[in-house]
Amino acid sequence: MKKYIPNTITLCNLLSGVAGFVFLHRSNIEMALAMMLLAAVFDFFDGMVARALGVSSELGKELDSLSDCVSFGVLPSLMLLHFGISNCVYNPIFCYTALLIAAFSALRLGMFNIDKRQSSSFIGLATPASGILIASFCVFLGTKAGWGSLVFIATHAWTIPAISILICFLLVAEIPMFSMKFSKTTDKRTMVQRWVLLTCVVATISVCIVMKFHYSFLILVTFICYILINLLSLCFIKK
């Protein structure tokens with residue numbers, strides 16, 4: 001019976017993503033983000049439970065990738081498309097470039113499955129990270145919670161294509177990115193990166209409390225800081 005537990009958790013990830021589609025269809029992007037965050041919780045624990053129970057399998061690995069493609073690939077690409085069409089004051093045809101994120105997310109997941117280098121860290125931006133980043137962007141700007149000038153930039157005709165191309169590039173780029181999963185073999189560089197990210201998160205929480213920003217601002221800034229920390233580490237810190 002225990003061999004079915006991890007796969008059940010993985011399928012809860014997928015079902016959370018599907019629930020996100022339902023809320024997005026009703027133009028409730030906040031609940032769509034909430035469902036994606038719930039999917040992330042299931043995604044974090046399925047592998048952990050499988051290893052703890054000693055029931056890891058190839059089926060679980062494939063189910064995990066398929067679920068991630070739905071929850072963190074297709075759902076965020078549709079959220080970005082919805083945000084663009086709903087808010088863009090120019091020709092919304094360019095907003096359809098957001099669908100490329102779904103394709104590149106699937107490509108990234110396929111590459112991850114056959115890349116033996118990514119057992120304890122990532123090469124390129126992880127699909128869950130890209131999906132949550134996009135979703136938090138849509139919610140924060142979509143609810144008009146951001147600064148006026150930022151909302152204006154976000155609704156420009158070229159913003160959605162630019163974001164889509166950047167995310168697609170980061171998904172498949174040969175850029176090492178640290179994982180938040182704990183391991184006995186975690187090196188000093190990764191620990192420093194995690195502490196820097198934690199410091200950024202604490203600072204952002206303070207800003208959210210003082211400025212009374214929507215919680216999506218915290219998520220958005222956290223993942224932007226995560227990307228910047230990895231890029232700066234690549235440029236200035238030798239492993």
# chains A, B, ... in the order shown; residues from 1 in each chain; ligands from 1
call {"tool": "residues_around", "arguments": {"residues": "Val74 in chain A", "least_positions_apart": "5", "cutoff": "9 Å", "atoms": "only C-alpha atoms", "output": "number ranges by chain"}}
result
A: 17, 68-69, 79, 99, 101-103, 105-106, 131
call {"tool": "write_last_selection", "arguments": {"atoms": "N, CA, C and O atoms", "output": "PDB file, in the first residue's frame"}}
result
ATOM      1  N   GLY A  17      -3.198  21.853 -10.070  1.00  0.00           N
ATOM      2  CA  GLY A  17      -3.023  22.620 -11.301  1.00  0.00           C
ATOM      3  C   GLY A  17      -4.304  22.703 -12.111  1.00  0.00           C
ATOM      4  O   GLY A  17      -4.650  23.758 -12.646  1.00  0.00           O
ATOM      5  N   ASP A  68       4.090  18.453 -13.112  1.00  0.00           N
ATOM      6  CA  ASP A  68       4.754  19.755 -13.126  1.00  0.00           C
ATOM      7  C   ASP A  68       4.471  20.508 -14.424  1.00  0.00           C
ATOM      8  O   ASP A  68       4.334  21.736 -14.413  1.00  0.00           O
ATOM      9  N   CYS A  69       4.398  19.778 -15.521  1.00  0.00           N
ATOM     10  CA  CYS A  69       4.115  20.419 -16.812  1.00  0.00           C
ATOM     11  C   CYS A  69       2.743  21.081 -16.804  1.00  0.00           C
ATOM     12  O   CYS A  69       2.566  22.180 -17.352  1.00  0.00           O
ATOM     13  N   MET A  79      -2.026  31.903 -17.493  1.00  0.00           N
ATOM     14  CA  MET A  79      -2.228  33.046 -16.602  1.00  0.00           C
ATOM     15  C   MET A  79      -1.589  34.300 -17.190  1.00  0.00           C
ATOM     16  O   MET A  79      -2.179  35.388 -17.152  1.00  0.00           O
ATOM     17  N   LEU A  99       2.359  31.454 -24.516  1.00  0.00           N
ATOM     18  CA  LEU A  99       2.163  30.012 -24.665  1.00  0.00           C
ATOM     19  C   LEU A  99       3.477  29.273 -24.892  1.00  0.00           C
ATOM     20  O   LEU A  99       3.561  28.061 -24.671  1.00  0.00           O
ATOM     21  N   ILE A 101       5.942  29.447 -23.077  1.00  0.00           N
ATOM     22  CA  ILE A 101       6.417  29.011 -21.758  1.00  0.00           C
ATOM     23  C   ILE A 101       5.982  27.577 -21.478  1.00  0.00           C
ATOM     24  O   ILE A 101       6.739  26.795 -20.888  1.00  0.00           O
ATOM     25  N   ALA A 102       4.784  27.216 -21.906  1.00  0.00           N
ATOM     26  CA  ALA A 102       4.311  25.840 -21.714  1.00  0.00           C
ATOM     27  C   ALA A 102       5.199  24.862 -22.476  1.00  0.00           C
ATOM     28  O   ALA A 102       5.575  23.797 -21.957  1.00  0.00           O
ATOM     29  N   ALA A 103       5.551  25.228 -23.718  1.00  0.00           N
ATOM     30  CA  ALA A 103       6.390  24.356 -24.544  1.00  0.00           C
ATOM     31  C   ALA A 103       7.789  24.217 -23.954  1.00  0.00           C
ATOM     32  O   ALA A 103       8.336  23.105 -23.852  1.00  0.00           O
ATOM     33  N   SER A 105       8.678  24.715 -20.879  1.00  0.00           N
ATOM     34  CA  SER A 105       8.602  24.027 -19.590  1.00  0.00           C
ATOM     35  C   SER A 105       8.626  22.512 -19.805  1.00  0.00           C
ATOM     36  O   SER A 105       9.307  21.776 -19.067  1.00  0.00           O
ATOM     37  N   ALA A 106       7.891  22.055 -20.811  1.00  0.00           N
ATOM     38  CA  ALA A 106       7.895  20.628 -21.131  1.00  0.00           C
ATOM     39  C   ALA A 106       9.289  20.191 -21.583  1.00  0.00           C
ATOM     40  O   ALA A 106       9.775  19.121 -21.197  1.00  0.00           O
ATOM     41  N   GLY A 131       7.111  28.905 -12.933  1.00  0.00           N
ATOM     42  CA  GLY A 131       5.652  28.994 -12.895  1.00  0.00           C
ATOM     43  C   GLY A 131       5.144  29.892 -11.790  1.00  0.00           C
ATOM     44  O   GLY A 131       4.266  30.736 -12.002  1.00  0.00           O
TER      45      GLY A 131
END
call {"tool": "residues_around", "arguments": {"residues": "Phe140 in chain A", "least_positions_apart": "6", "cutoff": "9 Å", "atoms": "only C-alpha atoms", "output": "MDAnalysis selection string"}}
result
chainID A and resid 30 146 213:217 220
call {"tool": "write_last_selection", "arguments": {"atoms": "N, CA and C atoms", "output": "PDB file, in the first residue's frame"}}
result
ATOM      1  N   GLU A  30      -6.117  35.114  -8.382  1.00  0.00           N
ATOM      2  CA  GLU A  30      -5.583  34.931  -7.029  1.00  0.00           C
ATOM      3  C   GLU A  30      -5.733  33.483  -6.574  1.00  0.00           C
ATOM      4  N   GLY A 146       0.451  46.949  -7.495  1.00  0.00           N
ATOM      5  CA  GLY A 146       1.777  47.520  -7.690  1.00  0.00           C
ATOM      6  C   GLY A 146       1.736  49.017  -7.912  1.00  0.00           C
ATOM      7  N   PHE A 213       1.538  45.580   1.035  1.00  0.00           N
ATOM      8  CA  PHE A 213       1.455  44.980  -0.288  1.00  0.00           C
ATOM      9  C   PHE A 213       0.773  43.619  -0.218  1.00  0.00           C
ATOM     10  N   HIS A 214       0.238  43.202  -1.337  1.00  0.00           N
ATOM     11  CA  HIS A 214      -0.339  41.867  -1.477  1.00  0.00           C
ATOM     12  C   HIS A 214       0.773  40.831  -1.314  1.00  0.00           C
ATOM     13  N   TYR A 215       0.432  39.655  -0.764  1.00  0.00           N
ATOM     14  CA  TYR A 215       1.442  38.630  -0.508  1.00  0.00           C
ATOM     15  C   TYR A 215       2.159  38.177  -1.782  1.00  0.00           C
ATOM     16  N   SER A 216       1.530  38.376  -2.929  1.00  0.00           N
ATOM     17  CA  SER A 216       2.162  37.985  -4.195  1.00  0.00           C
ATOM     18  C   SER A 216       3.441  38.778  -4.455  1.00  0.00           C
ATOM     19  N   PHE A 217       3.541  39.976  -3.859  1.00  0.00           N
ATOM     20  CA  PHE A 217       4.761  40.783  -3.994  1.00  0.00           C
ATOM     21  C   PHE A 217       5.944  40.063  -3.353  1.00  0.00           C
ATOM     22  N   LEU A 220       6.926  37.196  -5.664  1.00  0.00           N
ATOM     23  CA  LEU A 220       7.551  37.728  -6.877  1.00  0.00           C
ATOM     24  C   LEU A 220       8.995  38.148  -6.612  1.00  0.00           C
TER      25      LEU A 220
END
call {"tool": "select_by_dssp", "arguments": {"residues": "range 3-232 of chain A", "states": "alpha helix (DSSP H)", "output": "mmCIF file with C-alpha atoms, in the first residue's frame"}}
result
data_model
loop_
_atom_site.group_PDB
_atom_site.id
_atom_site.type_symbol
_atom_site.label_atom_id
_atom_site.label_comp_id
_atom_site.auth_asym_id
_atom_site.auth_seq_id
_atom_site.Cartn_x
_atom_site.Cartn_y
_atom_site.Cartn_z
ATOM 1 C CA ILE A 5 1.372 7.137 -1.329
ATOM 2 C CA PRO A 6 4.019 9.183 -3.237
ATOM 3 C CA ASN A 7 2.160 8.826 -6.543
ATOM 4 C CA THR A 8 -1.055 9.936 -4.852
ATOM 5 C CA ILE A 9 0.714 13.063 -3.590
ATOM 6 C CA THR A 10 2.060 13.681 -7.105
ATOM 7 C CA LEU A 11 -1.420 13.388 -8.576
ATOM 8 C CA CYS A 12 -2.635 15.912 -5.994
ATOM 9 C CA ASN A 13 -0.062 18.250 -7.543
ATOM 10 C CA LEU A 14 -1.675 17.706 -10.949
ATOM 11 C CA LEU A 15 -5.216 18.098 -9.594
ATOM 12 C CA SER A 16 -4.216 21.366 -7.914
ATOM 13 C CA GLY A 17 -3.023 22.620 -11.301
ATOM 14 C CA VAL A 18 -6.288 21.573 -12.926
ATOM 15 C CA ALA A 19 -8.202 23.398 -10.183
ATOM 16 C CA GLY A 20 -6.075 26.432 -11.067
ATOM 17 C CA PHE A 21 -7.409 26.217 -14.635
ATOM 18 C CA VAL A 22 -10.964 26.283 -13.300
ATOM 19 C CA PHE A 23 -10.316 29.425 -11.249
ATOM 20 C CA LEU A 24 -8.484 31.070 -14.143
ATOM 21 C CA HIS A 25 -11.455 30.332 -16.411
ATOM 22 C CA ILE A 29 -6.162 34.698 -10.777
ATOM 23 C CA GLU A 30 -5.583 34.931 -7.029
ATOM 24 C CA MET A 31 -7.085 31.488 -6.479
ATOM 25 C CA ALA A 32 -5.199 30.194 -9.521
ATOM 26 C CA LEU A 33 -1.978 31.295 -7.783
ATOM 27 C CA ALA A 34 -3.160 29.687 -4.539
ATOM 28 C CA MET A 35 -3.728 26.392 -6.363
ATOM 29 C CA MET A 36 -0.257 26.621 -7.876
ATOM 30 C CA LEU A 37 1.259 27.157 -4.449
ATOM 31 C CA LEU A 38 -0.677 24.141 -3.183
ATOM 32 C CA ALA A 39 0.688 22.154 -6.137
ATOM 33 C CA ALA A 40 4.194 23.258 -5.117
ATOM 34 C CA VAL A 41 3.633 21.859 -1.619
ATOM 35 C CA PHE A 42 2.660 18.470 -3.061
ATOM 36 C CA ASP A 43 5.585 18.646 -5.493
ATOM 37 C CA PHE A 44 8.008 19.275 -2.635
ATOM 38 C CA PHE A 45 6.783 16.368 -0.517
ATOM 39 C CA ASP A 46 6.169 13.592 -3.073
ATOM 40 C CA GLY A 47 9.847 12.852 -3.664
ATOM 41 C CA MET A 48 10.653 13.262 0.021
ATOM 42 C CA VAL A 49 7.954 10.761 0.982
ATOM 43 C CA ALA A 50 9.059 8.332 -1.737
ATOM 44 C CA ARG A 51 12.655 8.371 -0.446
ATOM 45 C CA ALA A 52 11.542 8.078 3.183
ATOM 46 C CA LEU A 53 9.392 5.043 2.366
ATOM 47 C CA GLU A 58 10.366 5.386 -12.691
ATOM 48 C CA LEU A 59 6.579 5.748 -12.764
ATOM 49 C CA GLY A 60 6.761 8.301 -9.971
ATOM 50 C CA LYS A 61 9.452 10.221 -11.837
ATOM 51 C CA GLU A 62 7.369 10.402 -15.001
ATOM 52 C CA LEU A 63 4.187 11.311 -13.111
ATOM 53 C CA ASP A 64 6.077 14.092 -11.360
ATOM 54 C CA SER A 65 7.204 15.608 -14.668
ATOM 55 C CA LEU A 66 3.740 15.347 -16.214
ATOM 56 C CA SER A 67 2.158 16.967 -13.161
ATOM 57 C CA ASP A 68 4.754 19.755 -13.126
ATOM 58 C CA CYS A 69 4.115 20.419 -16.812
ATOM 59 C CA LEU A 75 -1.159 26.988 -16.015
ATOM 60 C CA PRO A 76 1.302 29.924 -15.677
ATOM 61 C CA SER A 77 1.524 30.377 -19.442
ATOM 62 C CA LEU A 78 -2.264 30.705 -19.600
ATOM 63 C CA MET A 79 -2.228 33.046 -16.602
ATOM 64 C CA LEU A 80 0.277 35.293 -18.364
ATOM 65 C CA LEU A 81 -1.805 35.172 -21.537
ATOM 66 C CA HIS A 82 -4.948 36.027 -19.561
ATOM 67 C CA PHE A 83 -3.139 38.886 -17.812
ATOM 68 C CA GLY A 84 -1.892 40.258 -21.124
ATOM 69 C CA ILE A 85 -5.233 40.103 -22.907
ATOM 70 C CA SER A 86 -7.066 41.570 -19.901
ATOM 71 C CA ASN A 87 -4.671 44.451 -19.267
ATOM 72 C CA LEU A 100 5.825 29.379 -25.490
ATOM 73 C CA ILE A 101 6.417 29.011 -21.758
ATOM 74 C CA ALA A 102 4.311 25.840 -21.714
ATOM 75 C CA ALA A 103 6.390 24.356 -24.544
ATOM 76 C CA PHE A 104 9.740 25.289 -22.989
ATOM 77 C CA SER A 105 8.602 24.027 -19.590
ATOM 78 C CA ALA A 106 7.895 20.628 -21.131
ATOM 79 C CA LEU A 107 11.299 20.747 -22.854
ATOM 80 C CA ARG A 108 13.013 21.677 -19.599
ATOM 81 C CA LEU A 109 11.319 18.808 -17.731
ATOM 82 C CA GLY A 110 12.344 16.351 -20.434
ATOM 83 C CA MET A 111 15.940 17.601 -20.259
ATOM 84 C CA PHE A 112 15.878 17.327 -16.463
ATOM 85 C CA ASN A 113 14.807 13.686 -16.589
ATOM 86 C CA ILE A 114 17.810 12.637 -18.681
ATOM 87 C CA THR A 127 9.849 24.695 -13.837
ATOM 88 C CA PRO A 128 8.049 25.200 -10.483
ATOM 89 C CA ALA A 129 10.141 28.328 -9.831
ATOM 90 C CA SER A 130 9.342 29.809 -13.253
ATOM 91 C CA GLY A 131 5.652 28.994 -12.895
ATOM 92 C CA ILE A 132 5.281 30.570 -9.464
ATOM 93 C CA LEU A 133 7.288 33.611 -10.575
ATOM 94 C CA ILE A 134 4.947 34.186 -13.518
ATOM 95 C CA ALA A 135 1.805 33.573 -11.473
ATOM 96 C CA SER A 136 2.853 35.998 -8.705
ATOM 97 C CA PHE A 137 3.666 38.611 -11.350
ATOM 98 C CA CYS A 138 0.184 38.244 -12.839
ATOM 99 C CA VAL A 139 -1.528 38.489 -9.457
ATOM 100 C CA PHE A 140 0.497 41.411 -8.117
ATOM 101 C CA LEU A 141 0.119 43.505 -11.263
ATOM 102 C CA GLY A 142 -3.317 42.161 -12.163
ATOM 103 C CA GLY A 148 1.271 52.900 -11.102
ATOM 104 C CA SER A 149 4.375 53.158 -13.279
ATOM 105 C CA LEU A 150 5.068 49.432 -12.872
ATOM 106 C CA VAL A 151 1.519 48.576 -13.935
ATOM 107 C CA PHE A 152 1.952 50.813 -16.992
ATOM 108 C CA ILE A 153 5.140 48.997 -17.990
ATOM 109 C CA ALA A 154 3.523 45.606 -17.411
ATOM 110 C CA THR A 159 6.219 43.312 -21.986
ATOM 111 C CA ILE A 160 4.559 39.897 -22.281
ATOM 112 C CA PRO A 161 6.761 38.804 -25.231
ATOM 113 C CA ALA A 162 9.872 40.006 -23.379
ATOM 114 C CA ILE A 163 8.932 38.126 -20.203
ATOM 115 C CA SER A 164 8.056 35.004 -22.204
ATOM 116 C CA ILE A 165 11.365 34.970 -24.075
ATOM 117 C CA LEU A 166 13.359 35.611 -20.898
ATOM 118 C CA ILE A 167 11.631 32.804 -18.989
ATOM 119 C CA CYS A 168 12.015 30.390 -21.925
ATOM 120 C CA PHE A 169 15.725 31.194 -22.053
ATOM 121 C CA LEU A 170 16.212 30.699 -18.310
ATOM 122 C CA LEU A 171 14.386 27.351 -18.402
ATOM 123 C CA VAL A 172 16.875 25.762 -20.809
ATOM 124 C CA LYS A 188 29.549 26.117 1.281
ATOM 125 C CA ARG A 189 28.620 28.145 -1.812
ATOM 126 C CA THR A 190 25.053 26.825 -1.774
ATOM 127 C CA MET A 191 24.697 27.561 1.933
ATOM 128 C CA VAL A 192 25.846 31.159 1.379
ATOM 129 C CA GLN A 193 23.359 31.542 -1.483
ATOM 130 C CA ARG A 194 20.546 30.245 0.700
ATOM 131 C CA TRP A 195 21.400 32.667 3.514
ATOM 132 C CA VAL A 196 21.500 35.589 1.086
ATOM 133 C CA LEU A 197 18.096 34.561 -0.272
ATOM 134 C CA LEU A 198 16.708 34.230 3.256
ATOM 135 C CA THR A 199 17.957 37.734 4.054
ATOM 136 C CA CYS A 200 16.189 39.073 0.955
ATOM 137 C CA VAL A 201 12.987 37.296 1.972
ATOM 138 C CA VAL A 202 13.063 38.779 5.477
ATOM 139 C CA ALA A 203 13.668 42.267 4.053
ATOM 140 C CA THR A 204 10.806 41.825 1.578
ATOM 141 C CA ILE A 205 8.449 40.679 4.333
ATOM 142 C CA SER A 206 9.227 43.905 6.186
ATOM 143 C CA VAL A 207 8.447 45.939 3.067
ATOM 144 C CA CYS A 208 5.163 44.053 2.569
ATOM 145 C CA ILE A 209 4.103 44.748 6.156
ATOM 146 C CA VAL A 210 5.029 48.432 6.060
ATOM 147 C CA MET A 211 3.635 49.113 2.577
ATOM 148 C CA TYR A 215 1.442 38.630 -0.508
ATOM 149 C CA SER A 216 2.162 37.985 -4.195
ATOM 150 C CA PHE A 217 4.761 40.783 -3.994
ATOM 151 C CA LEU A 218 6.759 38.703 -1.513
ATOM 152 C CA ILE A 219 6.662 35.668 -3.800
ATOM 153 C CA LEU A 220 7.551 37.728 -6.877
ATOM 154 C CA VAL A 221 10.548 39.431 -5.262
ATOM 155 C CA THR A 222 11.741 36.168 -3.683
ATOM 156 C CA PHE A 223 12.017 34.402 -7.028
ATOM 157 C CA ILE A 224 13.534 37.420 -8.749
ATOM 158 C CA CYS A 225 16.177 37.501 -5.982
ATOM 159 C CA TYR A 226 16.695 33.748 -6.422
ATOM 160 C CA ILE A 227 17.485 34.229 -10.111
ATOM 161 C CA LEU A 228 19.724 37.251 -9.499
ATOM 162 C CA ILE A 229 21.679 35.474 -6.754
ATOM 163 C CA ASN A 230 22.396 32.570 -9.095
ATOM 164 C CA LEU A 231 23.422 34.866 -11.939
ATOM 165 C CA LEU A 232 25.696 36.950 -9.695
#
call {"tool": "atom_distance", "arguments": {"atom1": "CA of Phe178 in chain A", "atom2": "CA of Arg117 in chain A"}}
result
12.2 Å
call {"tool": "closest_residue", "arguments": {"among": "A:Ala126, A:Val55, A:Val70, A:Ile93", "to": "Ala173 in chain A", "atoms": "only C-alpha atoms"}}
result
A:Ala126
call {"tool": "select_by_dssp", "arguments": {"residues": "range 7-186 of chain A", "states": "strand (DSSP E or B)", "output": "list in words"}}
result
Phe122, Ile123, Pro176 and Met177 of chain A
call {"tool": "write_last_selection", "arguments": {"atoms": "N, CA and C atoms", "output": "PDB file, in the first residue's frame"}}
result
ATOM      1  N   PHE A 122      20.227  22.443  -9.868  1.00  0.00           N
ATOM      2  CA  PHE A 122      19.578  22.576 -11.164  1.00  0.00           C
ATOM      3  C   PHE A 122      20.507  23.207 -12.186  1.00  0.00           C
ATOM      4  N   ILE A 123      20.270  22.862 -13.434  1.00  0.00           N
ATOM      5  CA  ILE A 123      20.888  23.550 -14.567  1.00  0.00           C
ATOM      6  C   ILE A 123      19.757  24.255 -15.290  1.00  0.00           C
ATOM      7  N   PRO A 176      23.895  27.165 -13.687  1.00  0.00           N
ATOM      8  CA  PRO A 176      23.695  26.407 -12.437  1.00  0.00           C
ATOM      9  C   PRO A 176      22.866  27.203 -11.441  1.00  0.00           C
ATOM     10  N   MET A 177      21.877  26.561 -10.854  1.00  0.00           N
ATOM     11  CA  MET A 177      21.019  27.202  -9.865  1.00  0.00           C
ATOM     12  C   MET A 177      20.858  26.277  -8.671  1.00  0.00           C
TER      13      MET A 177
END
call {"tool": "atom_distance", "arguments": {"atom1": "CA of Met180 in chain A", "atom2": "CA of Gln118 in chain A"}}
result
12.9 Å
